[in-house]
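Visitor: Input my_file.cif, format and content: mmCIF, C-alpha atoms.
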```cif
data_query
loop_
_atom_site.label_atom_id
_atom_site.label_comp_id
_atom_site.auth_asym_id
_atom_site.auth_seq_id
_atom_site.Cartn_x
_atom_site.Cartn_y
_atom_site.Cartn_z
CA MET A 1 39.15 88.22 208.55
CA ILE A 2 40.91 90.49 206.02
CA GLU A 3 39.58 88.34 203.16
CA LYS A 4 36.02 88.63 204.50
CA GLN A 5 36.35 92.40 204.79
CA HIS A 6 37.69 92.56 201.22
CA ALA A 7 34.78 90.43 199.98
CA ARG A 8 32.25 92.69 201.69
CA HIS A 9 33.98 95.71 200.16
CA GLU A 10 33.83 94.22 196.65
CA THR A 11 30.05 93.75 196.95
CA ARG A 12 29.69 97.54 197.08
CA VAL A 13 31.72 98.32 193.96
CA CYS A 14 29.91 98.91 190.68
CA ARG A 15 32.00 98.70 187.50
CA ILE A 16 30.61 100.30 184.37
CA CYS A 17 31.72 99.89 180.77
CA VAL A 18 30.71 103.10 179.02
CA ILE A 19 30.54 102.95 175.21
CA ARG A 20 30.14 105.84 172.82
CA HIS A 21 27.70 105.16 169.99
CA GLY A 22 29.03 104.12 166.59
CA GLU A 23 29.72 106.55 163.78
CA THR A 24 26.96 108.55 162.09
CA ALA A 25 27.06 110.51 158.83
CA TRP A 26 26.97 113.68 160.93
CA ASN A 27 30.02 112.54 162.90
CA ALA A 28 31.87 112.16 159.60
CA GLU A 29 30.75 115.67 158.57
CA ARG A 30 31.74 117.12 161.98
CA ARG A 31 28.13 118.21 162.45
CA LEU A 32 26.72 118.77 165.96
CA GLN A 33 23.94 116.32 166.72
CA GLY A 34 22.91 117.01 170.31
CA HIS A 35 19.32 115.86 170.84
CA LEU A 36 18.63 115.43 167.11
CA ASP A 37 17.97 111.80 166.26
CA VAL A 38 20.58 110.76 163.69
CA PRO A 39 21.05 107.05 162.78
CA LEU A 40 24.33 105.16 162.49
CA ASN A 41 25.97 104.91 159.09
CA GLU A 42 27.43 101.65 157.74
CA THR A 43 30.69 102.20 159.59
CA GLY A 44 28.80 102.78 162.83
CA LEU A 45 26.76 99.61 162.44
CA ALA A 46 29.97 97.62 161.87
CA GLN A 47 31.54 99.25 164.95
CA ALA A 48 28.49 98.26 167.04
CA ASP A 49 28.86 94.64 165.92
CA ALA A 50 32.58 94.70 166.72
CA ALA A 51 31.98 96.07 170.22
CA ALA A 52 29.33 93.40 170.86
CA ARG A 53 31.69 90.61 169.78
CA HIS A 54 34.47 92.01 171.97
CA LEU A 55 32.22 92.14 175.05
CA ALA A 56 30.35 88.88 174.45
CA ASP A 57 32.09 87.06 177.30
CA GLU A 58 31.57 89.80 179.88
CA ARG A 59 29.01 89.23 182.64
CA PHE A 60 26.90 92.36 182.71
CA ALA A 61 23.95 92.60 185.08
CA ALA A 62 22.24 95.25 182.94
CA LEU A 63 22.53 97.26 179.73
CA TYR A 64 21.55 100.94 179.78
CA THR A 65 21.31 103.25 176.82
CA SER A 66 20.36 106.79 175.93
CA ASP A 67 16.94 106.92 174.29
CA LEU A 68 18.30 108.34 171.02
CA LEU A 69 18.42 106.11 167.93
CA ARG A 70 22.20 106.09 167.43
CA THR A 71 22.80 104.67 170.92
CA ARG A 72 19.99 102.15 170.66
CA GLN A 73 21.36 100.93 167.33
CA THR A 74 24.80 100.59 168.91
CA ALA A 75 23.38 98.68 171.88
CA THR A 76 21.22 96.30 169.82
CA PRO A 77 23.92 93.71 168.92
CA LEU A 78 25.28 93.89 172.47
CA ALA A 79 21.80 93.24 173.88
CA ARG A 80 21.54 90.17 171.67
CA SER A 81 24.96 88.77 172.58
CA LEU A 82 24.43 89.36 176.31
CA ALA A 83 20.76 88.30 176.28
CA ARG A 84 19.93 91.53 178.10
CA GLU A 85 17.08 93.94 177.50
CA MET A 86 18.05 97.53 176.75
CA ILE A 87 17.01 99.91 179.52
CA ARG A 88 16.42 103.37 178.07
CA GLU A 89 17.57 106.25 180.26
CA PRO A 90 16.78 109.68 178.74
CA ARG A 91 19.21 111.39 181.14
CA LEU A 92 22.05 109.68 179.25
CA ARG A 93 21.29 111.78 176.17
CA GLU A 94 23.90 113.98 174.56
CA ARG A 95 24.18 117.60 175.67
CA HIS A 96 21.57 119.87 174.09
CA TYR A 97 23.53 122.16 171.80
CA GLY A 98 20.72 124.69 171.21
CA CYS A 99 21.08 126.73 168.02
CA PHE A 100 24.28 124.83 167.13
CA GLN A 101 22.41 121.56 166.53
CA GLY A 102 22.53 120.53 162.88
CA LEU A 103 25.48 122.81 162.12
CA THR A 104 29.09 121.86 161.53
CA TYR A 105 31.62 123.34 163.93
CA GLU A 106 32.72 125.73 161.18
CA GLU A 107 29.12 126.84 160.49
CA ALA A 108 28.45 127.39 164.20
CA ALA A 109 31.59 129.53 164.49
CA LEU A 110 30.61 131.64 161.46
CA ARG A 111 26.92 132.11 162.32
CA HIS A 112 27.27 132.53 166.08
CA PRO A 113 30.84 133.77 166.68
CA HIS A 114 30.30 135.18 170.19
CA ASP A 115 28.38 132.15 171.43
CA TYR A 116 30.84 129.77 169.78
CA ALA A 117 33.78 131.49 171.46
CA ARG A 118 32.18 131.00 174.89
CA HIS A 119 31.33 127.41 173.99
CA LYS A 120 34.89 126.64 172.87
CA ALA A 121 36.29 128.31 176.00
CA ARG A 122 34.21 125.82 178.04
CA ASP A 123 32.49 128.48 180.12
CA PRO A 124 30.75 126.18 182.67
CA ASP A 125 27.80 128.55 183.24
CA PHE A 126 27.11 129.34 179.59
CA ALA A 127 23.78 127.90 178.43
CA LEU A 128 23.74 127.58 174.67
CA PRO A 129 21.05 129.75 173.00
CA GLY A 130 17.98 127.98 171.67
CA GLY A 131 17.30 125.73 174.63
CA GLY A 132 20.85 124.45 175.08
CA GLU A 133 22.45 123.25 178.31
CA SER A 134 25.32 124.71 180.29
CA LEU A 135 28.18 122.38 181.15
CA ILE A 136 27.20 122.56 184.83
CA ALA A 137 23.60 121.53 184.13
CA PHE A 138 24.81 118.79 181.79
CA ARG A 139 27.23 117.46 184.40
CA HIS A 140 24.51 117.39 187.04
CA ARG A 141 22.22 115.39 184.74
CA ILE A 142 24.85 112.79 183.86
CA ALA A 143 26.27 112.44 187.38
CA ALA A 144 22.79 111.91 188.85
CA ALA A 145 21.87 109.25 186.30
CA LEU A 146 25.12 107.30 186.71
CA ALA A 147 25.05 107.50 190.51
CA GLU A 148 21.57 105.97 190.49
CA ILE A 149 22.68 103.20 188.14
CA ALA A 150 25.74 102.48 190.31
CA ALA A 151 23.66 102.35 193.50
CA ARG A 152 21.15 100.02 191.82
CA HIS A 153 23.94 97.65 190.75
CA ALA A 154 26.36 97.65 193.70
CA GLY A 155 28.69 94.67 193.39
CA GLU A 156 27.85 94.19 189.69
CA ARG A 157 29.05 95.15 186.23
CA VAL A 158 26.84 97.10 183.86
CA ALA A 159 27.19 98.44 180.32
CA VAL A 160 26.12 101.95 179.31
CA VAL A 161 25.84 103.12 175.69
CA THR A 162 25.82 106.88 175.39
CA HIS A 163 27.36 109.91 173.62
CA GLY A 164 30.67 111.69 173.20
CA GLY A 165 29.72 114.72 175.27
CA VAL A 166 28.53 112.44 178.06
CA LEU A 167 31.88 110.64 178.01
CA ASP A 168 33.67 113.99 178.27
CA ILE A 169 31.74 114.66 181.49
CA ILE A 170 32.32 111.14 182.83
CA HIS A 171 36.08 111.31 182.30
CA ARG A 172 36.20 114.63 184.16
CA PHE A 173 34.31 113.57 187.27
CA ALA A 174 36.09 110.19 187.38
CA SER A 175 39.54 111.79 187.05
CA GLY A 176 38.95 115.05 188.91
CA GLN A 177 39.53 117.25 185.87
CA PRO A 178 37.53 120.53 185.93
CA LEU A 179 34.82 121.29 183.38
CA GLU A 180 36.63 124.32 182.00
CA ALA A 181 39.92 122.53 181.29
CA ALA A 182 40.79 121.82 177.65
CA ARG A 183 40.19 118.20 176.75
CA ASP A 184 43.40 116.14 176.60
CA PHE A 185 41.87 112.67 176.16
CA PRO A 186 40.25 110.96 173.13
CA ILE A 187 36.59 109.94 172.79
CA PRO A 188 36.40 107.61 169.76
CA ASN A 189 33.20 106.15 168.37
CA ALA A 190 32.41 102.71 169.83
CA ALA A 191 35.49 102.63 172.09
CA LEU A 192 35.26 101.00 175.53
CA ASN A 193 35.77 103.02 178.72
CA TRP A 194 35.73 101.50 182.22
CA ILE A 195 34.92 103.35 185.44
CA GLU A 196 33.90 102.21 188.91
CA PHE A 197 31.85 103.64 191.76
CA ASP A 198 32.98 102.76 195.27
CA ASP A 199 31.90 104.30 198.56
CA GLY A 200 30.57 107.46 196.92
CA ARG A 201 33.60 108.02 194.68
CA TRP A 202 34.23 107.47 190.98
CA ARG A 203 37.48 106.04 189.62
CA LEU A 204 38.78 105.83 186.07
CA LEU A 205 39.97 102.28 185.28
CA SER A 206 40.74 102.38 181.55
CA TRP A 207 39.89 104.67 178.65
CA ALA A 208 39.32 104.60 174.89
CA ASP A 209 40.04 100.92 174.27
CA GLN A 210 39.87 100.54 170.47
CA ALA A 211 41.42 97.08 170.12
CA HIS A 212 38.22 95.77 168.49
CA LEU A 213 37.98 98.62 165.94
CA GLN A 214 39.67 99.19 162.60
CA PHE A 215 38.89 102.91 162.63
CA ALA A 216 37.10 105.41 164.88
CA LEU A 217 36.57 109.16 164.79
CA ASP A 218 37.22 111.31 167.83
CA GLU A 219 34.40 113.35 169.34
CA LEU A 220 35.78 116.73 168.29
CA PRO A 221 37.82 118.07 165.36
CA ASP A 222 40.35 119.40 167.84
CA ARG A 223 41.04 119.05 171.57
#
```
I need this file expressed as structure tokens, please.
Guide:
Amino acid sequence: MIEKQHARHETRVCRICVIRHGETAWNAERRLQGHLDVPLNETGLAQADAAARHLADERFAALYTSDLLRTRQTATPLARSLAREMIREPRLRERHYGCFQGLTYEEAALRHPHDYARHKARDPDFALPGGGESLIAFRHRIAAALAEIAARHAGERVAVVTHGGVLDIIHRFASGQPLEAARDFPIPNAALNWIEFDDGRWRLLSWADQAHLQFALDELPDR
């Protein structure tokens, strides 16, 4: 009876492998990309291949990706190795960084010192000028998209290829860390991060697995 109850419980659990896109030239320059469509560089393409080889034996029911080029390029070798079609989900895009997009962190701090200070302080209600998103709005977007994916794939494993800022949000709602807390966890390019959704709650299973990578940049120049 206990085994049957456990089996029924397992059919409700959705496990998700969340992968940050591979490196871009703008990542190497510490330049904020946001919604701008920047392709992978040679290192990023190699990282995408390495992640696909590492996950080739996994049984994923579906493969979701942000609609931006750098995530689709990262997901392409994985789609081939898994024989799965990429499902584009625009809500998995990076945070919109408003007037910071296209600037390095240093340039943003120099040109927009007041706004950058509020951004760095992780003010949850602060919407970045120029059409940017607040952390609260960003969190709502990502949580809604992932909850729908998890509900659609109860009892299955899925892969999601997305962005560093998205992974920051995911780690926080899976671990219970508040939006305004300073980040104390890494978000490397093309690393593997496992979470699960069970009975309306997220759990963090493992984070920033880089065993398949020779080198990977973190999301931010400092944490």
Visitor: Mind telling me what the PyMOL selection byres ((chain A and resi 63) around 10) catches here, as a list in words?
Guide: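 Matching residues under the PyMOL selection byres ((chain A and resi 63) around 10) are Ile16, Cys17, Phe60, Ala61, Ala62, Tyr64, Thr65, Ala75, Leu78, Ala79, Leu82, Ala83, Arg84, Glu85, Met86, Ile87, Arg88, Arg157, Val158, Ala159, Val160 and Val161 of chain A.
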Visitor: Could you tell me which of A:Gln210, A:Pro188, A:Ala182, A:Ala56 comes closest to A:Asp123 if we count all atoms listed in the file?
Guide: A:Ala182
Visitor: Using atom CA of A:Gly130 and atom CA of A:Leu92 as the two end points, give the distance in Å to one decimal.
Guide: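 Between atom CA of A:Gly130 and atom CA of A:Leu92 the gap is 20.2 Å.
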Visitor: What does the distance from atom CA of A:Arg15 to atom CA of A:Gly34 come to in Å, to one decimal?
Guide: 26.7 Å
Visitor: What residues come out when you apply the PyMOL selection byres ((chain A and resi 187) around 7) to this file, written as a VMD selection string?
Guide: chain A and resid 164 185 to 186 188 to 189 208 218 to 219
Visitor: Fewer than 5 positions away in the same chain doesn't count, so skip those; otherwise give me all residues within 12 Å of A:Ala216, counting only C-alpha atoms, as a PyMOL selection string.
Guide: chain A and resi 20-24+27-28+43-44+46-48+50-51+186-192+208-211
Visitor: Report as a PDB file with C-alpha atoms, keeping the file's coordinate frame the full result of the PyMOL selection byres ((chain A and resi 144-153) around 10) when it is applied to this structure.
Guide:
```
ATOM      1  CA  THR A  11      30.050  93.750 196.950  1.00  0.00           C
ATOM      2  CA  ARG A  12      29.690  97.540 197.080  1.00  0.00           C
ATOM      3  CA  VAL A  13      31.720  98.320 193.960  1.00  0.00           C
ATOM      4  CA  CYS A  14      29.910  98.910 190.680  1.00  0.00           C
ATOM      5  CA  ARG A  15      32.000  98.700 187.500  1.00  0.00           C
ATOM      6  CA  ILE A  16      30.610 100.300 184.370  1.00  0.00           C
ATOM      7  CA  ALA A  61      23.950  92.600 185.080  1.00  0.00           C
ATOM      8  CA  ALA A  62      22.240  95.250 182.940  1.00  0.00           C
ATOM      9  CA  TYR A  64      21.550 100.940 179.780  1.00  0.00           C
ATOM     10  CA  GLU A  89      17.570 106.250 180.260  1.00  0.00           C
ATOM     11  CA  PRO A  90      16.780 109.680 178.740  1.00  0.00           C
ATOM     12  CA  ARG A  91      19.210 111.390 181.140  1.00  0.00           C
ATOM     13  CA  LEU A  92      22.050 109.680 179.250  1.00  0.00           C
ATOM     14  CA  ARG A 139      27.230 117.460 184.400  1.00  0.00           C
ATOM     15  CA  HIS A 140      24.510 117.390 187.040  1.00  0.00           C
ATOM     16  CA  ARG A 141      22.220 115.390 184.740  1.00  0.00           C
ATOM     17  CA  ILE A 142      24.850 112.790 183.860  1.00  0.00           C
ATOM     18  CA  ALA A 143      26.270 112.440 187.380  1.00  0.00           C
ATOM     19  CA  ALA A 154      26.360  97.650 193.700  1.00  0.00           C
ATOM     20  CA  GLY A 155      28.690  94.670 193.390  1.00  0.00           C
ATOM     21  CA  GLU A 156      27.850  94.190 189.690  1.00  0.00           C
ATOM     22  CA  ARG A 157      29.050  95.150 186.230  1.00  0.00           C
ATOM     23  CA  VAL A 158      26.840  97.100 183.860  1.00  0.00           C
ATOM     24  CA  VAL A 160      26.120 101.950 179.310  1.00  0.00           C
ATOM     25  CA  ILE A 170      32.320 111.140 182.830  1.00  0.00           C
ATOM     26  CA  GLU A 196      33.900 102.210 188.910  1.00  0.00           C
ATOM     27  CA  PHE A 197      31.850 103.640 191.760  1.00  0.00           C
ATOM     28  CA  ASP A 198      32.980 102.760 195.270  1.00  0.00           C
ATOM     29  CA  ASP A 199      31.900 104.300 198.560  1.00  0.00           C
ATOM     30  CA  GLY A 200      30.570 107.460 196.920  1.00  0.00           C
ATOM     31  CA  ARG A 201      33.600 108.020 194.680  1.00  0.00           C
ATOM     32  CA  TRP A 202      34.230 107.470 190.980  1.00  0.00           C
TER      33      TRP A 202
END
```
Visitor: So that I can see what lies close to A:Pro124, please list as a CSV table (one decimal) with C-alpha atoms, in the coordinates of the input the residues with an atom at most 10 Å from it, counting all atoms listed in the file and leaving out residues fewer than 6 positions away in the same chain.
Guide:
```
chain,number,residue,atom,x,y,z
A,118,ARG,CA,32.2,131.0,174.9
A,133,GLU,CA,22.4,123.2,178.3
A,134,SER,CA,25.3,124.7,180.3
A,135,LEU,CA,28.2,122.4,181.2
A,136,ILE,CA,27.2,122.6,184.8
A,137,ALA,CA,23.6,121.5,184.1
A,138,PHE,CA,24.8,118.8,181.8
A,139,ARG,CA,27.2,117.5,184.4
A,178,PRO,CA,37.5,120.5,185.9
A,179,LEU,CA,34.8,121.3,183.4
A,180,GLU,CA,36.6,124.3,182.0
A,181,ALA,CA,39.9,122.5,181.3
```
Visitor: Would you list the contacts of A:Gly102 as a list in words, taking every protein, DNA or RNA residue within 7 Å and counting only C-alpha atoms, but skipping same-chain residues closer than 6 positions in sequence?
Guide: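 Within the cut-off, the hits are Arg31, Leu32 and Gln33 of chain A.
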Visitor: Go ahead and save the residues from that selection, with C-alpha atoms, as a compact mmCIF listing (two decimals), in the coordinates of the input.
Guide:
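Below is the file that was written, again_17.txt:
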```txt
# COMPACT_ATOMS: atom_id res chain seq x y z
CA ARG A 31 28.13 118.21 162.45
CA LEU A 32 26.72 118.77 165.96
CA GLN A 33 23.94 116.32 166.72
```
Visitor: Rank nothing, just name the residue among A:Arg203, A:His163, A:Arg80, A:Arg30 nearest to A:Glu106, using only C-alpha atoms.
Guide: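 Under the stated criterion, the closest residue is A:Arg30.
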Visitor: Between atom CA of A:His114 and atom CA of A:Gly176, what is the distance in Å, rounded to a tenth?
Guide: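 Interatomic distance here is 28.8 Å.
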Visitor: Find, counting all atoms listed in the file, the residue in A:Thr162, A:Ser81, A:Thr104, A:Ser175 that gets nearest to A:Arg53.
Guide: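 Closest to A:Arg53, using all atoms listed in the file: A:Ser81.
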Visitor: So, with all atoms listed in the file as the atoms that count, which of A:Leu55, A:Leu36, A:Ala127, A:Ala108 lies closest to A:His212?
Guide: A:Leu55
